[in-house]
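**Student:** Just passing along the structure, written as structure tokens.
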Amino acid sequence: MKKELTLTEAVAYVLCCLSRGQVQDARNLLMKLPQDNVHVLLAQARLTYVEGDNQRAFEMTNQLLSTKEAPCEAMAFVCYLLAKTGETAKVRPILARLEEKTSSSPQYWGDLAVVFYMGKNYVAALQCAQRSLKGDPDRVEIWRVQGAAQRDSGNPRAAISSYFRALSLDPMHGESYLHLHVFFEEIGEFDKAAHFLNLAKSYGIKNQQLALRDAHVLLKQGRLKEGFQKYRVRYDGVKISNSRPECRVPVWNGEEITDKDILVYCEQGAGDVIQFSRFLIELAARGAKVTFLCRKSLCRLIAHAIPQITVCETVENPDAFDYQSYLMDLAIFMDISVQRMPHREGYLRAPYDGFQDLPKNKKPKIGFAWHGGAAHLRDHLRSIDLGQFADLFTLAHLDWVSLQVDANAPLPKVDHLIDVTNRLQDFGDTAALIAQLDLVISVDTAIAHLAAAMGKPVWLLLDQCADWRWQEETTHSYWYDSIRLFRQQEFGNWKQVLKTVQTTLREEYS
């Protein structure tokens, strides 16, 4: 005898169908259910979202919130919809209403997992994902969210397991293979990384991320001309420069540039701007009249160090130029190679002679920086907890000078630790401080690029899967003569890296 589903069981079955992509089954059953029940109405809103009408789904769910019977599941789904559209500020007051509520619904916890992940609260995202998967272990989207949160919180091995589970439920999802490529690359298993990259391509993935991976592989191999040419995909449909104005002049593609006016705009992070500003010198040497649109924090430094170009934050008439170019695209047309990189010895200098009030003793002055900007996609890999520097700071025969602006932790109260970062208003000030140092020890951030571009000795601390510009296994860089690379040999193991640094400091700065 066929058992008839209760209303609660029927709604749960609809939601289960939606999570598995069985849209028609969900639609057929919903048509048979009472249309005045809030849980049925919420299920209809979810169906509407799955069918692609995001705005209508939001309106339907938001209407439920105005009723006295508004279920917490509706609040969570509204948060989900808002987070998906980037309206995170509107999420917070609704989340506050949920603090005293709970639910046994896997959809409820799955929605919150997505919301917390997109808000970069990875601990909460993982907790919610686990509760969702406990109720419904076949929710493929939540396995992916859990894997993403695991990776972004520094545990790519766990992320690999989550994505394998997701693929067992949806083996045709090409994006999952691309994610596994990234995870295996991060833990240094490059053969597996290449395998999953090929699988992603075989499943028809042709997005910008895949094209960027191809460019990064070429650049990491030192095939610079090919790599930078492919790297142009980085700005397809994406805003990578806040400096770039709207203008109609042609993009420079290596044409004769003597006596031509060219507008170059900075892009991406401060470290990228510092590293590639060497090509502004080369462009000017070809006879170009260069105007460089630069972020404020770097203007004074670059204008002083490269006086043959015009450096500014804005221009009145961007259409008055002969050509325009992204800064990093200049590398395509500069006849560079791993063996032939201009200005390796250094090309920047401080705009003034400052920080003469550092201790006047014979101790070597060691600058240090332990983290980058938290918004950087790789920050969880490249940055180090300040506490791991504790053994270095026991070397009291050295003066340790912080270069860490916006530090995420207070420095220990020790006489030979010096912090004057409150006086650093831009990179010109930071350059003046670096000029007084003997050595800079830093993670992969703009501080390292600045010091190396000034010709200052730099010991760069690199995670196991370092950025493309540092290649693999080498201890020196073709970008800067003064840089030495200290690499992780095991994923996440900074202890061994810092132990090597400590030993080397004792040997070279005794």
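Labels used: A, B, ... for chains in the order of the structure tokens, numbers from 1 for residues in each chain, and numbers from 1 for ligands as shown.
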Give me the residues near Arg378 of chain A as a ChimeraX atom specification, where near means some atom within 12 Å (using only C-alpha atoms) and where sequence neighbours in that chain fewer than 2 positions away do not count.
**Tutor:** /A:151-154,182-183,186,371-376,380-384,443-445,462-467
**Student:** Can you pull out every residue from segment 56-272 of chain A that DSSP, working from the backbone, puts in strand (DSSP E or B), and format the result as a list in words?
**Tutor:**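 Residues meeting the strand (DSSP E or B) criterion: Val251, Asp261, Ile262, Leu263, Val264 and Tyr265 of chain A.
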**Student:** Between A:Trp468, A:Phe389, A:Tyr265, A:Trp400, which one has atoms that come closest to Val501 of chain A, using only C-alpha atoms?
**Tutor:**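 Counting only C-alpha atoms, the residue closest to Val501 of chain A is A:Phe389.
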**Student:** Using only C-alpha atoms for the distances, tell me which of A:Ala200, A:Leu439, A:Cys299, A:Ile257 is nearest to Tyr177 of chain A.
**Tutor:** A:Ala200
**Student:** Using only C-alpha atoms, which residue out of A:Asp419, A:Ala407, A:Ile262, A:Ala431 lies closest to Ile302 of chain A?
**Tutor:** A:Ala431
**Student:** Report the distance between atom CA of Leu358 of chain A and atom CA of Asp399 of chain A in Å, rounded to one decimal place.
**Tutor:**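 Atom CA of Asp399 of chain A lies 9.5 Å from atom CA of Leu358 of chain A.
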**Student:** List as JSON lines every residue of segment 156-184 of chain A that is in contact with segment 213-225 of chain A, defined as an atom at most 12 Å from one of its atoms (using only C-alpha atoms), together with the nearest atom pair and the distance in Å rounded to one decimal, sorted by chain and then rising number.
**Tutor:**
```
{"residue": "A:Leu178", "atom": "CA", "partner": "A:Arg213", "partner_atom": "CA", "distance": 9.4}
{"residue": "A:His179", "atom": "CA", "partner": "A:Arg213", "partner_atom": "CA", "distance": 11.1}
{"residue": "A:His181", "atom": "CA", "partner": "A:Arg213", "partner_atom": "CA", "distance": 9.5}
{"residue": "A:Val182", "atom": "CA", "partner": "A:Arg213", "partner_atom": "CA", "distance": 8.9}
```
**Student:** For Glu313 of chain A, find every residue with an atom within 12 Å (counting only C-alpha atoms), except residues of its own chain fewer than 5 positions away, and show them as a list in words.
**Tutor:** Asn242, Ser243, Arg244, Pro245, Leu263, Val264, Tyr265, Cys266, Thr291, Phe292, Leu293, Cys294, Arg295, Lys296, Ser297, Leu298, Cys299, Arg300, Ile302 and Ala303 of chain A
**Student:** DSSP on the backbone, alpha helix (DSSP H) only: what residues of segment 229-376 of chain A does that give? Format it as a PyMOL selection string.
**Tutor:** chain A and resi 229-230+270-276+278-285+296-305
**Student:** Okay, now the selection with N, CA, C and O atoms, as a short mmCIF file (atom, residue, chain, number, x, y, z; two decimals), in the first residue's frame?
**Tutor:**
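That gives us selection.cif:
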```cif
data_model
loop_
_atom_site.label_atom_id
_atom_site.label_comp_id
_atom_site.auth_asym_id
_atom_site.auth_seq_id
_atom_site.Cartn_x
_atom_site.Cartn_y
_atom_site.Cartn_z
N GLN A 229 51.59 37.78 -22.79
CA GLN A 229 50.59 37.93 -23.84
C GLN A 229 49.28 37.27 -23.42
O GLN A 229 48.19 37.85 -23.55
N LYS A 230 49.37 36.04 -22.90
CA LYS A 230 48.17 35.35 -22.43
C LYS A 230 47.58 36.01 -21.19
O LYS A 230 46.37 35.96 -20.96
N ALA A 270 49.94 47.02 -4.84
CA ALA A 270 51.08 47.93 -4.80
C ALA A 270 52.38 47.22 -5.19
O ALA A 270 53.25 47.81 -5.85
N GLY A 271 52.52 45.96 -4.81
CA GLY A 271 53.71 45.21 -5.19
C GLY A 271 53.84 45.06 -6.69
O GLY A 271 54.94 45.16 -7.25
N ASP A 272 52.71 44.83 -7.37
CA ASP A 272 52.74 44.74 -8.84
C ASP A 272 53.19 46.05 -9.46
O ASP A 272 53.97 46.07 -10.42
N VAL A 273 52.70 47.16 -8.93
CA VAL A 273 53.06 48.47 -9.47
C VAL A 273 54.55 48.71 -9.28
O VAL A 273 55.25 49.17 -10.21
N ILE A 274 55.05 48.42 -8.11
CA ILE A 274 56.49 48.61 -7.83
C ILE A 274 57.33 47.74 -8.76
O ILE A 274 58.30 48.19 -9.39
N GLN A 275 56.98 46.48 -8.88
CA GLN A 275 57.75 45.54 -9.69
C GLN A 275 57.80 45.94 -11.15
O GLN A 275 58.86 45.89 -11.80
N PHE A 276 56.67 46.39 -11.69
CA PHE A 276 56.60 46.65 -13.13
C PHE A 276 56.87 48.11 -13.49
O PHE A 276 56.93 48.44 -14.68
N ARG A 278 59.58 49.46 -13.41
CA ARG A 278 60.86 49.48 -14.14
C ARG A 278 60.66 49.68 -15.64
O ARG A 278 61.52 50.24 -16.33
N PHE A 279 59.52 49.22 -16.16
CA PHE A 279 59.27 49.33 -17.59
C PHE A 279 58.86 50.74 -18.01
O PHE A 279 58.92 51.09 -19.19
N LEU A 280 58.48 51.57 -17.05
CA LEU A 280 58.26 52.98 -17.35
C LEU A 280 59.57 53.65 -17.72
O LEU A 280 59.62 54.52 -18.60
N ILE A 281 60.65 53.24 -17.06
CA ILE A 281 61.98 53.75 -17.38
C ILE A 281 62.36 53.36 -18.81
O ILE A 281 62.86 54.18 -19.59
N GLU A 282 62.09 52.11 -19.15
CA GLU A 282 62.42 51.62 -20.49
C GLU A 282 61.59 52.33 -21.56
O GLU A 282 62.08 52.66 -22.64
N LEU A 283 60.32 52.56 -21.24
CA LEU A 283 59.44 53.24 -22.20
C LEU A 283 59.93 54.66 -22.46
O LEU A 283 59.98 55.11 -23.62
N ALA A 284 60.31 55.35 -21.40
CA ALA A 284 60.83 56.72 -21.56
C ALA A 284 62.15 56.72 -22.34
O ALA A 284 62.42 57.64 -23.13
N ALA A 285 62.96 55.67 -22.13
CA ALA A 285 64.24 55.58 -22.84
C ALA A 285 64.05 55.41 -24.34
O ALA A 285 64.95 55.72 -25.14
N LYS A 296 47.62 57.03 -5.06
CA LYS A 296 48.19 58.11 -4.26
C LYS A 296 49.36 57.65 -3.40
O LYS A 296 50.36 58.36 -3.27
N SER A 297 49.26 56.46 -2.81
CA SER A 297 50.29 56.00 -1.87
C SER A 297 51.64 55.78 -2.53
O SER A 297 52.67 55.70 -1.84
N LEU A 298 51.68 55.70 -3.86
CA LEU A 298 52.93 55.45 -4.58
C LEU A 298 53.41 56.65 -5.39
O LEU A 298 54.53 56.65 -5.91
N CYS A 299 52.57 57.67 -5.53
CA CYS A 299 52.89 58.79 -6.42
C CYS A 299 54.21 59.46 -6.07
O CYS A 299 55.07 59.67 -6.93
N ARG A 300 54.38 59.84 -4.82
CA ARG A 300 55.57 60.58 -4.43
C ARG A 300 56.84 59.76 -4.68
O ARG A 300 57.85 60.27 -5.20
N LEU A 301 56.80 58.49 -4.32
CA LEU A 301 57.95 57.60 -4.50
C LEU A 301 58.35 57.50 -5.97
O LEU A 301 59.52 57.72 -6.32
N ILE A 302 57.41 57.18 -6.84
CA ILE A 302 57.73 56.94 -8.25
C ILE A 302 58.09 58.24 -8.96
O ILE A 302 58.99 58.27 -9.80
N ALA A 303 57.40 59.32 -8.62
CA ALA A 303 57.73 60.61 -9.24
C ALA A 303 59.15 61.02 -8.92
O ALA A 303 59.86 61.58 -9.78
N HIS A 304 59.62 60.75 -7.70
CA HIS A 304 60.98 61.11 -7.32
C HIS A 304 62.00 60.19 -7.99
O HIS A 304 63.04 60.65 -8.46
N ALA A 305 61.69 58.89 -8.03
CA ALA A 305 62.66 57.91 -8.54
C ALA A 305 62.74 57.89 -10.06
O ALA A 305 63.78 57.54 -10.63
#
```
**Student:** Excluding Ala452 of chain A and its own-chain neighbours fewer than 5 positions away, which residues fall within 12 Å of it when counting only C-alpha atoms? Please give them as a CSV table (one decimal) with all heavy atoms, in the first residue's frame.
**Tutor:**
```
chain,number,residue,atom,x,y,z
A,271,GLY,N,52.5,46.0,-4.8
A,271,GLY,CA,53.7,45.2,-5.2
A,271,GLY,C,53.8,45.1,-6.7
A,271,GLY,O,54.9,45.2,-7.2
A,274,ILE,N,55.1,48.4,-8.1
A,274,ILE,CA,56.5,48.6,-7.8
A,274,ILE,C,57.3,47.7,-8.8
A,274,ILE,O,58.3,48.2,-9.4
A,274,ILE,CB,56.8,48.3,-6.4
A,274,ILE,CG1,56.2,49.4,-5.5
A,274,ILE,CG2,58.3,48.2,-6.1
A,274,ILE,CD1,56.1,49.0,-4.0
A,275,GLN,N,57.0,46.5,-8.9
A,275,GLN,CA,57.8,45.5,-9.7
A,275,GLN,C,57.8,45.9,-11.2
A,275,GLN,O,58.9,45.9,-11.8
A,275,GLN,CB,57.1,44.1,-9.6
A,275,GLN,CG,57.9,43.1,-10.4
A,275,GLN,CD,57.2,41.7,-10.3
A,275,GLN,OE1,56.2,41.6,-9.7
A,275,GLN,NE2,57.8,40.7,-11.0
A,343,HIS,N,67.1,46.6,-14.9
A,343,HIS,CA,67.1,47.2,-13.6
A,343,HIS,C,67.0,46.2,-12.5
A,343,HIS,O,66.4,46.5,-11.4
A,343,HIS,CB,66.0,48.2,-13.5
A,343,HIS,CG,66.0,49.2,-14.7
A,343,HIS,ND1,67.0,50.1,-14.9
A,343,HIS,CD2,65.1,49.3,-15.7
A,343,HIS,CE1,66.7,50.8,-16.0
A,343,HIS,NE2,65.6,50.4,-16.5
A,344,ARG,N,67.6,45.0,-12.6
A,344,ARG,CA,67.6,44.0,-11.6
A,344,ARG,C,68.3,44.6,-10.3
A,344,ARG,O,68.0,44.2,-9.2
A,344,ARG,CB,68.3,42.8,-12.0
A,344,ARG,CG,67.5,42.0,-13.1
A,344,ARG,CD,68.4,40.8,-13.6
A,344,ARG,NE,68.9,40.0,-12.6
A,344,ARG,CZ,69.1,38.7,-12.7
A,344,ARG,NH1,68.8,38.1,-13.9
A,344,ARG,NH2,69.5,38.0,-11.7
A,345,GLU,N,69.2,45.5,-10.5
A,345,GLU,CA,70.1,45.9,-9.4
A,345,GLU,C,69.3,46.9,-8.6
A,345,GLU,O,69.7,47.3,-7.4
A,345,GLU,CB,71.3,46.6,-9.9
A,345,GLU,CG,71.2,47.9,-10.6
A,345,GLU,CD,70.5,47.9,-12.0
A,345,GLU,OE1,70.3,46.7,-12.5
A,345,GLU,OE2,70.2,48.9,-12.6
A,346,GLY,N,68.2,47.5,-9.1
A,346,GLY,CA,67.4,48.4,-8.3
A,346,GLY,C,67.1,49.7,-9.1
A,346,GLY,O,67.9,50.1,-10.0
A,347,TYR,N,66.0,50.3,-8.9
A,347,TYR,CA,65.6,51.5,-9.7
A,347,TYR,C,64.7,52.5,-8.9
A,347,TYR,O,64.4,53.5,-9.5
A,347,TYR,CB,64.8,51.0,-10.9
A,347,TYR,CG,63.7,50.0,-10.6
A,347,TYR,CD1,62.4,50.4,-10.3
A,347,TYR,CD2,64.0,48.6,-10.6
A,347,TYR,CE1,61.4,49.5,-10.0
A,347,TYR,CE2,63.0,47.7,-10.2
A,347,TYR,CZ,61.7,48.1,-10.0
A,347,TYR,OH,60.8,47.2,-9.7
A,348,LEU,N,64.5,52.2,-7.7
A,348,LEU,CA,63.7,53.2,-6.8
A,348,LEU,C,64.6,53.7,-5.7
A,348,LEU,O,65.5,53.0,-5.3
A,348,LEU,CB,62.5,52.5,-6.3
A,348,LEU,CG,61.4,52.1,-7.3
A,348,LEU,CD1,60.2,51.5,-6.5
A,348,LEU,CD2,61.0,53.2,-8.2
A,349,ARG,N,64.3,54.9,-5.2
A,349,ARG,CA,65.0,55.4,-4.1
A,349,ARG,C,64.1,56.3,-3.3
A,349,ARG,O,63.1,56.8,-3.8
A,349,ARG,CB,66.3,56.2,-4.6
A,349,ARG,CG,65.9,57.5,-5.4
A,349,ARG,CD,67.2,58.2,-5.9
A,349,ARG,NE,66.9,59.4,-6.6
A,349,ARG,CZ,66.5,59.6,-7.8
A,349,ARG,NH1,66.4,58.5,-8.6
A,349,ARG,NH2,66.3,60.7,-8.3
A,431,ALA,N,59.9,53.8,2.1
A,431,ALA,CA,61.2,53.8,1.4
A,431,ALA,C,62.3,54.5,2.2
A,431,ALA,O,63.5,54.0,2.3
A,431,ALA,CB,61.1,54.4,0.0
A,434,ILE,N,63.2,52.1,5.0
A,434,ILE,CA,64.0,51.0,4.5
A,434,ILE,C,65.4,51.4,4.2
A,434,ILE,O,66.4,50.6,4.4
A,434,ILE,CB,63.3,50.4,3.2
A,434,ILE,CG1,62.0,49.6,3.7
A,434,ILE,CG2,64.2,49.4,2.5
A,434,ILE,CD1,61.2,49.2,2.5
A,435,ALA,N,65.6,52.6,3.7
A,435,ALA,CA,67.0,53.1,3.4
A,435,ALA,C,67.9,53.0,4.6
A,435,ALA,O,69.2,52.9,4.4
A,435,ALA,CB,66.9,54.5,2.8
A,439,LEU,N,68.8,44.9,6.2
A,439,LEU,CA,68.2,43.8,5.6
A,439,LEU,C,66.7,43.9,5.9
A,439,LEU,O,66.2,44.4,6.9
A,439,LEU,CB,68.7,42.5,6.3
A,439,LEU,CG,68.0,41.2,6.0
A,439,LEU,CD1,68.2,40.7,4.6
A,439,LEU,CD2,68.5,40.1,7.0
A,440,VAL,N,65.9,43.4,4.9
A,440,VAL,CA,64.5,43.3,5.1
A,440,VAL,C,64.0,41.8,5.0
A,440,VAL,O,64.4,41.1,4.0
A,440,VAL,CB,63.7,44.1,4.1
A,440,VAL,CG1,62.2,43.8,4.1
A,440,VAL,CG2,63.9,45.6,4.3
A,441,ILE,N,63.3,41.3,6.0
A,441,ILE,CA,62.7,40.0,6.0
A,441,ILE,C,61.2,40.1,5.9
A,441,ILE,O,60.6,40.7,6.7
A,441,ILE,CB,63.1,39.2,7.2
A,441,ILE,CG1,64.6,39.0,7.3
A,441,ILE,CG2,62.5,37.8,7.2
A,441,ILE,CD1,65.1,38.4,8.6
A,442,SER,N,60.6,39.5,4.8
A,442,SER,CA,59.2,39.8,4.6
A,442,SER,C,58.5,38.6,3.9
A,442,SER,O,59.2,37.8,3.1
A,442,SER,CB,59.1,41.0,3.7
A,442,SER,OG,57.7,41.3,3.3
A,444,ASP,N,55.5,37.6,1.0
A,444,ASP,CA,55.4,38.1,-0.3
A,444,ASP,C,54.3,39.2,-0.4
A,444,ASP,O,53.2,39.0,-0.7
A,444,ASP,CB,55.0,36.9,-1.2
A,444,ASP,CG,54.9,37.3,-2.7
A,444,ASP,OD1,55.3,38.4,-3.0
A,444,ASP,OD2,54.4,36.5,-3.5
A,445,THR,N,54.8,40.4,-0.2
A,445,THR,CA,53.9,41.6,-0.2
A,445,THR,C,54.7,42.8,-0.7
A,445,THR,O,55.9,42.7,-1.1
A,445,THR,CB,53.3,41.8,1.2
A,445,THR,OG1,52.3,42.8,1.1
A,445,THR,CG2,54.4,42.2,2.2
A,446,ALA,N,54.0,43.9,-0.8
A,446,ALA,CA,54.7,45.1,-1.4
A,446,ALA,C,56.0,45.5,-0.8
A,446,ALA,O,56.8,46.1,-1.4
A,446,ALA,CB,53.7,46.2,-1.4
A,447,ILE,N,56.1,45.3,0.5
A,447,ILE,CA,57.3,45.7,1.3
A,447,ILE,C,58.5,45.0,0.7
A,447,ILE,O,59.6,45.6,0.5
A,447,ILE,CB,57.2,45.3,2.8
A,447,ILE,CG1,56.1,46.1,3.5
A,447,ILE,CG2,58.5,45.4,3.5
A,447,ILE,CD1,56.4,47.6,3.5
A,457,PRO,N,69.1,44.4,0.5
A,457,PRO,CA,69.0,42.9,0.7
A,457,PRO,C,67.6,42.5,1.3
A,457,PRO,O,67.2,43.1,2.2
A,457,PRO,CB,70.1,42.6,1.7
A,457,PRO,CG,71.1,43.7,1.5
A,457,PRO,CD,70.3,44.9,1.2
A,458,VAL,N,67.0,41.5,0.6
A,458,VAL,CA,65.7,41.1,1.1
A,458,VAL,C,65.7,39.5,1.2
A,458,VAL,O,66.2,38.9,0.3
A,458,VAL,CB,64.6,41.5,0.0
A,458,VAL,CG1,63.2,40.9,0.4
A,458,VAL,CG2,64.5,43.0,-0.1
A,459,TRP,N,65.2,39.0,2.3
A,459,TRP,CA,64.9,37.6,2.5
A,459,TRP,C,63.4,37.4,2.4
A,459,TRP,O,62.7,37.9,3.3
A,459,TRP,CB,65.5,37.1,3.8
A,459,TRP,CG,67.0,37.2,3.8
A,459,TRP,CD1,67.9,37.7,2.9
A,459,TRP,CD2,67.8,36.7,4.9
A,459,TRP,NE1,69.2,37.6,3.3
A,459,TRP,CE2,69.2,37.0,4.6
A,459,TRP,CE3,67.6,36.2,6.2
A,459,TRP,CZ2,70.2,36.7,5.4
A,459,TRP,CZ3,68.6,35.9,7.0
A,459,TRP,CH2,70.0,36.1,6.6
A,460,LEU,N,63.0,36.8,1.3
A,460,LEU,CA,61.6,36.7,1.0
A,460,LEU,C,61.1,35.3,1.5
A,460,LEU,O,61.6,34.3,1.1
A,460,LEU,CB,61.3,36.8,-0.5
A,460,LEU,CG,59.9,36.8,-0.9
A,460,LEU,CD1,59.1,37.9,-0.3
A,460,LEU,CD2,59.8,36.9,-2.5
A,476,HIS,N,67.0,32.4,-5.8
A,476,HIS,CA,67.2,33.8,-6.2
A,476,HIS,C,66.2,34.1,-7.3
A,476,HIS,O,65.5,33.2,-7.8
A,476,HIS,CB,68.6,34.0,-6.7
A,476,HIS,CG,69.6,34.0,-5.6
A,476,HIS,ND1,70.1,32.8,-5.1
A,476,HIS,CD2,70.2,34.9,-4.8
A,476,HIS,CE1,71.0,33.0,-4.1
A,476,HIS,NE2,71.1,34.3,-3.9
A,477,SER,N,66.1,35.4,-7.6
A,477,SER,CA,65.0,35.8,-8.6
A,477,SER,C,65.7,36.6,-9.7
A,477,SER,O,66.6,37.4,-9.5
A,477,SER,CB,64.0,36.7,-7.8
A,477,SER,OG,63.2,37.4,-8.8
A,478,TYR,N,65.2,36.4,-10.9
A,478,TYR,CA,65.6,37.2,-12.0
A,478,TYR,C,65.1,38.6,-12.1
A,478,TYR,O,65.5,39.4,-12.8
A,478,TYR,CB,65.3,36.5,-13.4
A,478,TYR,CG,63.9,36.2,-13.6
A,478,TYR,CD1,63.0,37.2,-14.2
A,478,TYR,CD2,63.3,34.9,-13.3
A,478,TYR,CE1,61.7,36.9,-14.4
A,478,TYR,CE2,62.0,34.7,-13.6
A,478,TYR,CZ,61.2,35.7,-14.1
A,478,TYR,OH,59.9,35.4,-14.4
A,479,TRP,N,64.1,38.9,-11.2
A,479,TRP,CA,63.5,40.2,-11.1
A,479,TRP,C,64.4,41.2,-10.3
A,479,TRP,O,64.5,42.4,-10.6
A,479,TRP,CB,62.1,40.2,-10.5
A,479,TRP,CG,61.1,39.5,-11.3
A,479,TRP,CD1,60.6,38.2,-11.2
A,479,TRP,CD2,60.4,40.1,-12.4
A,479,TRP,NE1,59.7,37.9,-12.2
A,479,TRP,CE2,59.5,39.1,-12.9
A,479,TRP,CE3,60.4,41.3,-13.0
A,479,TRP,CZ2,58.7,39.3,-14.0
A,479,TRP,CZ3,59.6,41.5,-14.1
A,479,TRP,CH2,58.7,40.5,-14.6
A,480,TYR,N,65.0,40.7,-9.3
A,480,TYR,CA,65.8,41.5,-8.4
A,480,TYR,C,67.1,40.8,-8.0
A,480,TYR,O,67.1,39.7,-7.5
A,480,TYR,CB,65.0,41.8,-7.1
A,480,TYR,CG,63.7,42.4,-7.3
A,480,TYR,CD1,62.5,41.6,-7.1
A,480,TYR,CD2,63.5,43.8,-7.6
A,480,TYR,CE1,61.3,42.2,-7.2
A,480,TYR,CE2,62.2,44.3,-7.7
A,480,TYR,CZ,61.1,43.5,-7.5
A,480,TYR,OH,59.9,44.1,-7.7
A,481,ASP,N,68.2,41.5,-8.1
A,481,ASP,CA,69.5,40.9,-7.7
A,481,ASP,C,69.6,40.7,-6.2
A,481,ASP,O,70.3,39.8,-5.7
A,481,ASP,CB,70.7,41.8,-8.2
A,481,ASP,CG,71.0,41.7,-9.7
A,481,ASP,OD1,70.5,40.7,-10.3
A,481,ASP,OD2,71.6,42.6,-10.2
A,482,SER,N,69.0,41.6,-5.4
A,482,SER,CA,69.2,41.6,-4.0
A,482,SER,C,68.3,40.7,-3.2
A,482,SER,O,68.4,40.7,-1.9
A,482,SER,CB,69.1,43.0,-3.4
A,482,SER,OG,67.8,43.5,-3.6
A,483,ILE,N,67.5,39.9,-3.8
A,483,ILE,CA,66.5,39.1,-3.1
A,483,ILE,C,67.0,37.7,-3.0
A,483,ILE,O,67.6,37.1,-3.9
A,483,ILE,CB,65.1,39.2,-3.8
A,483,ILE,CG1,64.0,39.1,-2.8
A,483,ILE,CG2,65.0,38.2,-4.9
A,483,ILE,CD1,62.7,39.6,-3.4
A,484,ARG,N,66.7,37.1,-1.8
A,484,ARG,CA,67.0,35.7,-1.6
A,484,ARG,C,65.7,35.0,-1.1
A,484,ARG,O,64.9,35.6,-0.3
A,484,ARG,CB,68.0,35.5,-0.5
A,484,ARG,CG,68.6,34.1,-0.4
A,484,ARG,CD,69.5,33.9,0.8
A,484,ARG,NE,70.6,34.9,0.9
A,484,ARG,CZ,71.5,34.8,1.8
A,484,ARG,NH1,71.6,33.8,2.7
A,484,ARG,NH2,72.4,35.7,1.9
A,485,LEU,N,65.4,33.8,-1.7
A,485,LEU,CA,64.1,33.2,-1.4
A,485,LEU,C,64.2,32.0,-0.4
A,485,LEU,O,65.1,31.1,-0.6
A,485,LEU,CB,63.5,32.6,-2.8
A,485,LEU,CG,63.5,33.6,-3.9
A,485,LEU,CD1,63.0,32.9,-5.2
A,485,LEU,CD2,62.7,34.8,-3.6
```
**Student:** Env of Ala12 of chain A: 12 Å cut, atoms = only C-alpha atoms, seq-sep filter 6 positions within chain, self excluded. Answer as a PyMOL selection string.
**Tutor:** chain A and resi 5-6+18-19+26+29-30+39-40+42-43+104-108+135-136
**Student:** Within 10 Å of Val140 of chain A, counting only C-alpha atoms, which residues qualify if same-chain residues fewer than 6 places away don't, as a list in words?
**Tutor:** Ser19, Arg20, Leu133, Gln146, Ser162, Tyr163, Arg165, Ala166, Leu167, Ser168, Leu169 and Asp170 of chain A
**Student:** Write the residues of the selection above to a file with N, CA, C and O atoms, as an mmCIF file, in the first residue's frame.
**Tutor:**
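Final output, saved to out_39.cif:
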```
data_model
loop_
_atom_site.group_PDB
_atom_site.id
_atom_site.type_symbol
_atom_site.label_atom_id
_atom_site.label_comp_id
_atom_site.auth_asym_id
_atom_site.auth_seq_id
_atom_site.Cartn_x
_atom_site.Cartn_y
_atom_site.Cartn_z
ATOM 1 N N SER A 19 17.692 20.444 -4.656
ATOM 2 C CA SER A 19 19.135 20.367 -4.382
ATOM 3 C C SER A 19 19.830 19.375 -5.310
ATOM 4 O O SER A 19 21.036 19.436 -5.491
ATOM 5 N N ARG A 20 19.062 18.475 -5.909
ATOM 6 C CA ARG A 20 19.627 17.485 -6.822
ATOM 7 C C ARG A 20 19.381 17.827 -8.287
ATOM 8 O O ARG A 20 19.670 17.033 -9.185
ATOM 9 N N LEU A 133 25.040 19.199 5.918
ATOM 10 C CA LEU A 133 25.388 17.911 5.326
ATOM 11 C C LEU A 133 25.025 16.750 6.241
ATOM 12 O O LEU A 133 24.784 15.637 5.764
ATOM 13 N N GLN A 146 31.724 23.984 1.543
ATOM 14 C CA GLN A 146 32.597 23.515 2.613
ATOM 15 C C GLN A 146 34.038 23.433 2.134
ATOM 16 O O GLN A 146 34.976 23.858 2.830
ATOM 17 N N SER A 162 36.444 17.317 0.281
ATOM 18 C CA SER A 162 35.092 17.828 0.071
ATOM 19 C C SER A 162 34.752 17.899 -1.418
ATOM 20 O O SER A 162 33.637 17.540 -1.832
ATOM 21 N N TYR A 163 35.709 18.319 -2.232
ATOM 22 C CA TYR A 163 35.435 18.420 -3.665
ATOM 23 C C TYR A 163 35.353 17.055 -4.339
ATOM 24 O O TYR A 163 34.600 16.872 -5.307
ATOM 25 N N ARG A 165 34.023 14.534 -2.849
ATOM 26 C CA ARG A 165 32.652 14.115 -2.522
ATOM 27 C C ARG A 165 31.652 14.824 -3.445
ATOM 28 O O ARG A 165 30.684 14.210 -3.916
ATOM 29 N N ALA A 166 31.887 16.091 -3.706
ATOM 30 C CA ALA A 166 31.008 16.829 -4.619
ATOM 31 C C ALA A 166 31.022 16.203 -6.014
ATOM 32 O O ALA A 166 29.983 16.059 -6.664
ATOM 33 N N LEU A 167 32.207 15.800 -6.476
ATOM 34 C CA LEU A 167 32.308 15.194 -7.804
ATOM 35 C C LEU A 167 31.641 13.826 -7.849
ATOM 36 O O LEU A 167 31.134 13.411 -8.900
ATOM 37 N N SER A 168 31.618 13.121 -6.721
ATOM 38 C CA SER A 168 30.927 11.831 -6.699
ATOM 39 C C SER A 168 29.424 12.015 -6.907
ATOM 40 O O SER A 168 28.730 11.120 -7.402
ATOM 41 N N LEU A 169 28.915 13.195 -6.548
ATOM 42 C CA LEU A 169 27.496 13.515 -6.721
ATOM 43 C C LEU A 169 27.218 14.176 -8.067
ATOM 44 O O LEU A 169 26.120 14.060 -8.607
ATOM 45 N N ASP A 170 28.206 14.891 -8.588
ATOM 46 C CA ASP A 170 28.033 15.615 -9.856
ATOM 47 C C ASP A 170 29.342 15.562 -10.640
ATOM 48 O O ASP A 170 30.089 16.537 -10.700
#
```
